[in-house]
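Working notes, beginning with the structure itself.
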Amino acid sequence: MSKRSILVVDDDKNTRDYLAAFLTSSGFVVECLESGDDAIERLASGYSPSMILLDILLPGKDGIEVLSNLKTVYPSIPIVILSGIGQIKTVVEAMKMGASDYLTKPFEEEALELAIQNAIEKHRLKEEVKTLKQQLAYVEQGNILTSNPQMLRIIDIARQVAATDVPVLILGESGVGKEVIASFIHEQSNRSEGPFVKVNCAALPHELLESELFGYERGAFTGAIRDKIGKFEQADKGTLLLDEIGEMSPHLQAKLLHVLQDAEFSRLGGKKPVKVNVRVLAATNKKLKEAVLKGEFRNDLYFRLNVIKLEIPPLRDRREDIPLLCNQFLDKYRERYQSVVQQFPKELMELFLRYDWPGNVRQLENVVKRYLILPDSDITAELRTANPEAAPLVVRGNVSLKEVAGHAAEVAEKEVVLRMLEETGWNRKESARRLRISYKALRNKLKKWQLVRERPAEIRTLVKSA
């Protein structure tokens with residue numbers, strides 16, 4: 001048996017002593033308690049055993065009540081019930097409440113070993129299924145790879161609104177992935193078999209953008225020697241993404257509003273209206289509310305587009321996604337560029353995690369491409385210039401992939417712990433419980449990383465005395 005921890009809860013001292021001796025000799029770390037109240041209090045302190053052996057008959061709260069409490073708060077911890085003869089009805093009730101198995105006293109050592117092994121194996125399989133479900137969730141999200149709660153919420157909303165035909169306004173800094181979210185909405189919609197057409201409103205001057213969107217008829221202007229359909233017609237029965245819509249001129253804003261209201265428009269030089277069936281998505285890195293107040297963007301168009309608003313957070317606010325994205329880009333481009341790179345050096349990944357990425361995911365992708373093509377070049381020069389506090393990359397001699405993986409894992413672990421502490425208001429016991437580690441383990445990590453919450457002096461004094 002592998003060395004894991006087991007909590008024994010039994011009011012009989014002889015049973016506790018026997019189980020402690022036997023399980024310790026079998027390679028387990030054993031802790032024994034004599035009441036359910038003690039067990040509940042012990043787990044609340046941050047202790048997280050691999051499994052629990054719980055007696056049915058206990059002083060105070062009986063085993064069933066304790067089981068109910070523990071399964072509500074700590075559903076993933078396997079619990080094996082210890083029962084006496086004639087308690088079959090109680091055992092059945094315990095199994096329905098989530099107990100992994102039961103043993104009837106007195107029991108053979110072989111039966112005890114088997115019950116423990118089965119409980120731990122069931123727990124392992126459940127965790128594997130959970131991981132597989134998470135991986136399948138990533139597959140369903142297409143090109144979107146994230147573990148950030150805010151991004152996962154945005155993806156969930158995008159999936160829900162995809163089935164409707166309402167406009168969606170996607171906001172965020174340049175490079176955060178607005179086009180990726182728009183593509184995801186299209187792929188999840190009932191228009192997925194239709195075209196997905198993109199137009200960058202900032203890439204063309206006003207006159208050209210109008211003809212690009214709405215097309216023109218022969219003779220509409222000098223050089224118009226034949227009819228040309230615009231992007232709206234190309235996107236018929238599909239989706240049209242108007243990227244950087246904040247750069248659109250007032251004249252085109254008025255014409256776009258007409259299309260959204262009436263589902264028709266006229267080509268340049270045309271006399272007959274053209275009917276279209278298009279779902280419009282709009283994206284911008286501008287603060288449209290401020291543009292409306294300044295008179296730079298039509299108020300009625302803003303409210304027409306802003307039926308559903310998705311605001312994508314910048315990469316600096318979801319740093320836990322950086323290792324995921326780096327590995328995704330590594331897998332995507334390594335073969336294309338015939339790169340010798342198998343993994344990112346720890347210094348480089350550490351710098352990536354500290355850097356603020358003003359160009360967001362697009363900038364990270366380009367930096368990864370450059371590193372795959374020229375791994376010996378100093379690709380961190382621009383990062384150091386823009387982010388002086390970030391340490392320079394220095395890679396000399398042999399690099400241990402094991403060290404790289406270990407360091408990257410620790411950096412990612414630190415990010416997760418910090419996020420959990422922020423979510424719980426730096427409640428370390430609650431954070432330890434959610435992270436499924438012991439309170440002592442969390443304290444040791446915080447001490448190792450020298451992480452201390454900045455508080456007023458009087459609050460720090462109270463914390464130290466707690």
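Each chain in the structure tokens gets a letter, A, B, ..., in the order shown, and its residues are numbered from 1; ligands are numbered from 1 in order too.
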
Shell of 8 Å around Ile437 of chain A, only C-alpha atoms, local chain residues under 3 positions omitted, as a list in words =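 With the cut-off at 8 Å, the set is Gly46, Tyr47, Ser48, Ala432, Arg433, Arg434, Ala441 and Leu442 of chain A.
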
Please provide the set of residues having any atom within 6 Å of segment 240-249 of chain A, restricted to only C-alpha atoms, with same-chain residues fewer than 3 positions apart removed, written as a list in words.
-> Val197, Lys198, Val199, Asn200, Cys201, Ala202, Ala235, Leu252, Val280, Leu281, Ala282, Ala283 and Thr284 of chain A

Hey, what's within 7 Å of Pro49 of chain A if we count only C-alpha atoms and toss same-chain stuff fewer than 4 positions away? As a PDB file with C-alpha atoms, in the first residue's frame, please?
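This went into around-v1.pdb:
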```
ATOM      1  CA  SER A   5      -3.174   9.265   5.678  1.00  0.00           C
ATOM      2  CA  ILE A   6      -6.187   7.657   7.369  1.00  0.00           C
ATOM      3  CA  LEU A   7      -8.401   9.160  10.053  1.00  0.00           C
TER       4      LEU A   7
END
```

Please provide as a PyMOL selection string all residues within 12 Å of Ile181 of chain A, with the sequence filter that same-chain residues fewer than 4 positions apart are discarded (counting only C-alpha atoms).
-> chain A and resi 141-145+151-152+154-159+161-162+168-172+175-177+185-188+241+243+281-283+309-312

Filtering to N, CA and C atoms, could you give me those residues as a compact mmCIF listing (two decimals), in the first residue's frame?
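Written output follows (selection-v4.txt):
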```txt
# COMPACT_ATOMS: atom_id res chain seq x y z
N GLN A 141 -14.76 23.91 -26.26
CA GLN A 141 -14.55 25.35 -26.36
C GLN A 141 -13.68 25.73 -27.55
N GLY A 142 -13.43 24.78 -28.44
CA GLY A 142 -12.70 25.09 -29.66
C GLY A 142 -11.28 25.55 -29.37
N ASN A 143 -10.93 26.75 -29.84
CA ASN A 143 -9.58 27.27 -29.69
C ASN A 143 -9.37 27.99 -28.36
N ILE A 144 -10.39 28.02 -27.52
CA ILE A 144 -10.29 28.75 -26.24
C ILE A 144 -9.74 27.80 -25.18
N LEU A 145 -8.61 28.18 -24.60
CA LEU A 145 -8.00 27.37 -23.54
C LEU A 145 -7.83 28.26 -22.32
N MET A 151 -13.07 33.97 -17.38
CA MET A 151 -13.13 33.54 -18.78
C MET A 151 -14.10 32.37 -18.95
N LEU A 152 -14.11 31.45 -17.99
CA LEU A 152 -15.04 30.32 -18.07
C LEU A 152 -16.48 30.80 -18.01
N ILE A 154 -17.50 33.76 -19.10
CA ILE A 154 -17.75 34.39 -20.39
C ILE A 154 -18.07 33.33 -21.45
N ILE A 155 -17.32 32.23 -21.42
CA ILE A 155 -17.56 31.14 -22.38
C ILE A 155 -18.95 30.55 -22.17
N ASP A 156 -19.34 30.42 -20.91
CA ASP A 156 -20.66 29.87 -20.59
C ASP A 156 -21.76 30.79 -21.13
N ILE A 157 -21.60 32.10 -20.93
CA ILE A 157 -22.59 33.05 -21.44
C ILE A 157 -22.61 33.02 -22.97
N ALA A 158 -21.42 32.97 -23.58
CA ALA A 158 -21.34 32.93 -25.05
C ALA A 158 -22.06 31.71 -25.60
N ARG A 159 -21.92 30.59 -24.92
CA ARG A 159 -22.59 29.36 -25.36
C ARG A 159 -24.11 29.51 -25.25
N VAL A 161 -25.92 32.36 -25.37
CA VAL A 161 -26.48 33.34 -26.31
C VAL A 161 -26.27 32.93 -27.77
N ALA A 162 -25.43 31.92 -28.00
CA ALA A 162 -25.12 31.52 -29.38
C ALA A 162 -26.38 31.09 -30.12
N VAL A 168 -24.16 40.78 -30.24
CA VAL A 168 -23.29 40.65 -29.07
C VAL A 168 -22.15 41.65 -29.22
N LEU A 169 -21.91 42.45 -28.19
CA LEU A 169 -20.82 43.41 -28.18
C LEU A 169 -19.68 42.83 -27.37
N ILE A 170 -18.53 42.65 -28.00
CA ILE A 170 -17.37 42.02 -27.35
C ILE A 170 -16.31 43.09 -27.13
N LEU A 171 -16.01 43.34 -25.87
CA LEU A 171 -15.06 44.39 -25.50
C LEU A 171 -13.77 43.79 -24.96
N GLY A 172 -12.69 44.55 -25.07
CA GLY A 172 -11.42 44.09 -24.53
C GLY A 172 -10.25 44.71 -25.25
N GLY A 175 -5.75 42.08 -28.82
CA GLY A 175 -5.05 40.82 -28.64
C GLY A 175 -5.58 39.91 -27.56
N VAL A 176 -6.71 40.25 -26.92
CA VAL A 176 -7.20 39.40 -25.82
C VAL A 176 -7.96 38.18 -26.32
N GLY A 177 -8.37 38.20 -27.59
CA GLY A 177 -9.10 37.05 -28.13
C GLY A 177 -10.55 37.34 -28.46
N ILE A 185 -18.92 31.79 -30.76
CA ILE A 185 -20.36 32.04 -30.78
C ILE A 185 -20.96 31.54 -32.09
N HIS A 186 -20.28 31.83 -33.21
CA HIS A 186 -20.77 31.37 -34.51
C HIS A 186 -20.81 29.84 -34.57
N GLU A 187 -19.74 29.20 -34.11
CA GLU A 187 -19.65 27.73 -34.19
C GLU A 187 -20.70 27.05 -33.32
N GLN A 188 -21.09 27.70 -32.23
CA GLN A 188 -22.08 27.11 -31.33
C GLN A 188 -23.52 27.44 -31.74
N LEU A 241 -18.81 39.60 -38.25
CA LEU A 241 -18.08 40.24 -37.15
C LEU A 241 -17.56 41.59 -37.60
N ASP A 243 -15.22 44.06 -36.51
CA ASP A 243 -14.12 44.28 -35.56
C ASP A 243 -13.72 45.75 -35.56
N LEU A 281 -22.13 40.50 -34.90
CA LEU A 281 -21.31 40.59 -33.69
C LEU A 281 -20.38 41.79 -33.86
N ALA A 282 -20.16 42.54 -32.80
CA ALA A 282 -19.28 43.72 -32.88
C ALA A 282 -18.21 43.62 -31.80
N ALA A 283 -17.01 44.07 -32.14
CA ALA A 283 -15.90 44.03 -31.18
C ALA A 283 -15.14 45.35 -31.24
N LYS A 309 -23.33 41.92 -23.68
CA LYS A 309 -21.96 42.46 -23.64
C LYS A 309 -21.03 41.46 -22.98
N LEU A 310 -19.94 41.15 -23.65
CA LEU A 310 -18.89 40.28 -23.10
C LEU A 310 -17.60 41.07 -23.03
N GLU A 311 -17.07 41.24 -21.83
CA GLU A 311 -15.83 41.99 -21.66
C GLU A 311 -14.70 41.03 -21.32
N ILE A 312 -13.76 40.86 -22.26
CA ILE A 312 -12.69 39.88 -22.10
C ILE A 312 -11.58 40.48 -21.25
```

What is the atom CA of Asn285 of chain A-atom CA of Glu173 of chain A distance in Å, reported with one decimal?
-> 4.8 Å

If you run DSSP over the backbone, which residues in segment 85-219 of chain A end up strand (DSSP E)? Put them as an MDAnalysis selection string.
-> chainID A and resid 101:104 168:171 196:200

Would you save the residues from that selection as a PDB file, in the first residue's frame, using C-alpha atoms?
```
ATOM      1  CA  ASP A 101     -17.954   0.677   1.897  1.00  0.00           C
ATOM      2  CA  TYR A 102     -18.652  -0.883   5.287  1.00  0.00           C
ATOM      3  CA  LEU A 103     -17.059  -3.437   7.608  1.00  0.00           C
ATOM      4  CA  THR A 104     -18.920  -5.441  10.269  1.00  0.00           C
ATOM      5  CA  VAL A 168     -23.290  40.654 -29.070  1.00  0.00           C
ATOM      6  CA  LEU A 169     -20.823  43.413 -28.176  1.00  0.00           C
ATOM      7  CA  ILE A 170     -17.366  42.022 -27.353  1.00  0.00           C
ATOM      8  CA  LEU A 171     -15.059  44.393 -25.503  1.00  0.00           C
ATOM      9  CA  PHE A 196     -18.440  33.564 -40.724  1.00  0.00           C
ATOM     10  CA  VAL A 197     -17.312  36.861 -42.261  1.00  0.00           C
ATOM     11  CA  LYS A 198     -14.914  39.325 -40.569  1.00  0.00           C
ATOM     12  CA  VAL A 199     -14.426  43.015 -41.334  1.00  0.00           C
ATOM     13  CA  ASN A 200     -11.832  45.236 -39.655  1.00  0.00           C
TER      14      ASN A 200
END
```

When DSSP works through the backbone of this structure, what residues of segment 239-309 of chain A end up as helix (DSSP H, G or I), shown as a VMD selection string?
-> chain A and resid 245 to 247 250 to 262 288 to 293 299 to 305

Nearest to Val276 of chain A: which of A:Val416, A:Leu57, A:Ile373, A:Val259 is it, counting only C-alpha atoms?
-> A:Val259
